[in-house]
Amino acid sequence: MKRLVLFLGLVIVGVQLCGQANIALRPLPDYNFTNFERNRLVFPSGDSMAMERFFSKLDVVVNQGKGNVSILHIGGSHVQFGAFTQQFRDNLLNIGNHLMGGPYFVFPFTAGGTNNPSHYTVHATGEWQYCRNAVERETDKRMGLAGAALTTTDSTATIQIITHERYPSEMPPEYNFNKVTLIGFSETTNVVPALSYQGDTLHGNFDEELSTYTFVLPNYTDSICILFDSVPGEFTLTGVLLESHRPGISVHGVGVNGAKVPSYLRCEDFERDLQHIRPDLVIFGIGINDAADKDFDAETFKQNYRDLIGIVQAVNPDCALLFITNNDSYKRRRVKRKTIYEVNTNGKLVEKTFMELGAEYHAAVWDQFDIMGGLRSMRKWEKEGLARRDKVHFTREGYTLMGDLLYNALMERYLEHINANKEN
């Protein structure tokens, strides 16, 4: 029998900060195969000054309405699906009033024929060719933060982006923007992107060094349409930054189906594009695809992460780091025309590696592997309708629950920060 566990700080009981913030933890279901009582951030080195700086900056945004806090959640298909990041974002934005401000990095995956994150909608026309960082033979185009690229030679092609969520959440945030930055390039031609806005065609300012086209809109909006007001040729789009000049919290979800840590390392414009959002906190959720390799090597995995962290710290040396251990998963193989599933024991190796990285970088670790129940727990999540039959991915309900769990773990640590400051 499933029952709801009421945590201190739910809808009824909240923590008021200066009359503005209301930190309410989310209710969690009680399953006998989970370890939700251990849902917390772990600091293997004992502390994290970077996380304290992040919380102090969050204080200013929430209580004084000044500045912007930027959070990057990066991973593979778990992030590209969108529901995990969406739930975490929606919960976080509801700790105060009008917190959705600053930049918002997106990529129009639907135009490439693959799934789009659920927190914005994309409509595309014309011919687009899609490539992603997860498949080496597809990386013939320069890529950046998004880990993907869309190329067209169709002068009539368009992409519309709407920041309305396709799946309304319990507390859907509203996001309007008045500045748009398109990241992309035309290698051999002079194709220039434009925006269709309320019946007018707008042309942006081109920055050759950053490979960006910036458009300042006359009013706030929740929808833009990219088009080409030029001669036919080839253009590649690698990212879209929607911006408002309001203070607030920006949560960027960057995920590509099948992506591993080396997938992002081969994106030559990753560091350049990361400067657009300059994250204060990076949530690393890459690893499930790395650990699926039969020749998975923990030391190589660790070194790849060191290289990726080096890029992040080059952009913001004060950035706080949070590692998410892999969920429990199974490997599928065929035996005598029959599909069988074998538990992937590499999940334990990844867990150990992230603890070592957490100690090395004075970072936080959210031990998703342990919290969900450890080895072989994925079958139980599947039985409850929280995981898919492939025993690697979650259902929308499962991802939503993961978003609640991560939010609760981060906010409980934030409450400790608040109480410590009160005592001082």
# chains A, B, ... in the order shown; residues from 1 in each chain; ligands from 1

call {"tool": "residues_around", "arguments": {"residues": "region 32-38 of chain A", "least_positions_apart": "5", "cutoff": "8 Å", "atoms": "only C-alpha atoms", "output": "ChimeraX atom specification"}}
result
/A:370-373,377,380

call {"tool": "atom_distance", "arguments": {"atom1": "CA of Gly65 (chain A)", "atom2": "CA of Gly101 (chain A)"}}
result
10.3 Å

call {"tool": "residues_around", "arguments": {"residues": "Arg376 (chain A)", "least_positions_apart": "3", "cutoff": "9 Å", "atoms": "only C-alpha atoms", "output": "VMD selection string"}}
result
chain A and resid 328 to 330 343 to 344 373 379 to 380

call {"tool": "select_by_dssp", "arguments": {"residues": "region 148-379 of chain A", "states": "strand (DSSP E or B)", "output": "number ranges by chain"}}
result
A: 148-152, 158-162, 177-185, 193-197, 200-203, 205-207, 212-221, 223-228, 235-243, 248-255, 281-285, 320-324, 330-335, 338-343, 364-366

call {"tool": "residues_around", "arguments": {"residues": "His164 (chain A)", "least_positions_apart": "6", "cutoff": "7 Å", "atoms": "only C-alpha atoms", "output": "PDB file with N, CA, C and O atoms, in the first residue's frame"}}
result
ATOM      1  N   HIS A 119       9.065  21.473 -21.717  1.00  0.00           N
ATOM      2  CA  HIS A 119       8.780  22.788 -21.158  1.00  0.00           C
ATOM      3  C   HIS A 119       8.777  23.911 -22.194  1.00  0.00           C
ATOM      4  O   HIS A 119       8.648  25.072 -21.851  1.00  0.00           O
ATOM      5  N   TYR A 120       8.944  23.582 -23.466  1.00  0.00           N
ATOM      6  CA  TYR A 120       8.697  24.547 -24.541  1.00  0.00           C
ATOM      7  C   TYR A 120       8.287  23.764 -25.785  1.00  0.00           C
ATOM      8  O   TYR A 120       8.593  22.580 -25.927  1.00  0.00           O
ATOM      9  N   THR A 121       7.582  24.430 -26.680  1.00  0.00           N
ATOM     10  CA  THR A 121       7.028  23.784 -27.856  1.00  0.00           C
ATOM     11  C   THR A 121       7.727  24.295 -29.106  1.00  0.00           C
ATOM     12  O   THR A 121       8.042  25.479 -29.208  1.00  0.00           O
TER      13      THR A 121
END

call {"tool": "select_by_dssp", "arguments": {"residues": "region 153-354 of chain A", "states": "helix (DSSP H, G or I)", "output": "PyMOL selection string"}}
result
chain A and resi 261-265+270-277+290-292+298-315+346-354

call {"tool": "residues_around", "arguments": {"residues": "region 232-236 of chain A", "least_positions_apart": "3", "cutoff": "9 Å", "atoms": "only C-alpha atoms", "output": "list in words"}}
result
Lys141, Arg142, Ala149, Leu150, Thr151, Thr152, Thr153, Asp154, Ser155, Thr156, Ile183, Gly184, Phe185, Ser186, Glu187, Thr188, Thr189, Asn190, Val191, Val192, Pro193 and Phe228 of chain A

call {"tool": "closest_residue", "arguments": {"among": "A:Val69, A:Phe323, A:Asn289, A:Gly204", "to": "Leu93 (chain A)", "atoms": "only C-alpha atoms"}}
result
A:Val69

call {"tool": "closest_residue", "arguments": {"among": "A:Thr238, A:Gln160, A:Gln129, A:Thr400", "to": "Ala387 (chain A)", "atoms": "only C-alpha atoms"}}
result
A:Thr400

call {"tool": "decode", "arguments": {"residues": "region 351-368 of chain A", "atoms": "N, CA and C atoms", "output": "mmCIF file, in the first residue's frame"}}
result
data_model
loop_
_atom_site.group_PDB
_atom_site.id
_atom_site.type_symbol
_atom_site.label_atom_id
_atom_site.label_comp_id
_atom_site.auth_asym_id
_atom_site.auth_seq_id
_atom_site.Cartn_x
_atom_site.Cartn_y
_atom_site.Cartn_z
ATOM 1 N N GLU A 351 28.728 5.190 -8.986
ATOM 2 C CA GLU A 351 28.450 5.765 -7.670
ATOM 3 C C GLU A 351 29.762 6.040 -6.933
ATOM 4 N N LYS A 352 30.648 5.078 -6.909
ATOM 5 C CA LYS A 352 31.939 5.232 -6.235
ATOM 6 C C LYS A 352 32.778 6.348 -6.889
ATOM 7 N N THR A 353 32.752 6.385 -8.214
ATOM 8 C CA THR A 353 33.526 7.394 -8.935
ATOM 9 C C THR A 353 33.032 8.801 -8.632
ATOM 10 N N PHE A 354 31.714 8.985 -8.582
ATOM 11 C CA PHE A 354 31.177 10.313 -8.275
ATOM 12 C C PHE A 354 31.506 10.726 -6.839
ATOM 13 N N MET A 355 31.533 9.773 -5.927
ATOM 14 C CA MET A 355 31.935 10.104 -4.562
ATOM 15 C C MET A 355 33.391 10.570 -4.538
ATOM 16 N N GLU A 356 34.222 9.943 -5.334
ATOM 17 C CA GLU A 356 35.628 10.340 -5.407
ATOM 18 C C GLU A 356 35.769 11.717 -6.051
ATOM 19 N N LEU A 357 34.996 11.977 -7.096
ATOM 20 C CA LEU A 357 35.025 13.297 -7.727
ATOM 21 C C LEU A 357 34.475 14.357 -6.784
ATOM 22 N N GLY A 358 33.433 14.004 -6.020
ATOM 23 C CA GLY A 358 32.884 14.941 -5.043
ATOM 24 C C GLY A 358 33.916 15.352 -4.016
ATOM 25 N N ALA A 359 34.720 14.377 -3.554
ATOM 26 C CA ALA A 359 35.781 14.676 -2.597
ATOM 27 C C ALA A 359 36.881 15.515 -3.242
ATOM 28 N N GLU A 360 37.225 15.203 -4.478
ATOM 29 C CA GLU A 360 38.302 15.909 -5.175
ATOM 30 C C GLU A 360 37.955 17.364 -5.447
ATOM 31 N N TYR A 361 36.693 17.642 -5.779
ATOM 32 C CA TYR A 361 36.292 18.991 -6.169
ATOM 33 C C TYR A 361 35.465 19.704 -5.101
ATOM 34 N N HIS A 362 35.409 19.151 -3.890
ATOM 35 C CA HIS A 362 34.597 19.742 -2.813
ATOM 36 C C HIS A 362 33.179 20.007 -3.321
ATOM 37 N N ALA A 363 32.622 19.016 -3.975
ATOM 38 C CA ALA A 363 31.318 19.133 -4.620
ATOM 39 C C ALA A 363 30.273 18.306 -3.882
ATOM 40 N N ALA A 364 29.020 18.500 -4.283
ATOM 41 C CA ALA A 364 27.912 17.724 -3.728
ATOM 42 C C ALA A 364 27.640 16.513 -4.606
ATOM 43 N N VAL A 365 27.130 15.457 -3.983
ATOM 44 C CA VAL A 365 26.693 14.263 -4.706
ATOM 45 C C VAL A 365 25.269 13.949 -4.287
ATOM 46 N N TRP A 366 24.397 13.790 -5.269
ATOM 47 C CA TRP A 366 23.036 13.306 -5.008
ATOM 48 C C TRP A 366 23.016 11.852 -5.449
ATOM 49 N N ASP A 367 22.953 10.944 -4.467
ATOM 50 C CA ASP A 367 23.112 9.522 -4.742
ATOM 51 C C ASP A 367 21.792 8.904 -5.190
ATOM 52 N N GLN A 368 21.427 9.214 -6.408
ATOM 53 C CA GLN A 368 20.182 8.712 -6.980
ATOM 54 C C GLN A 368 20.123 7.184 -6.947
#
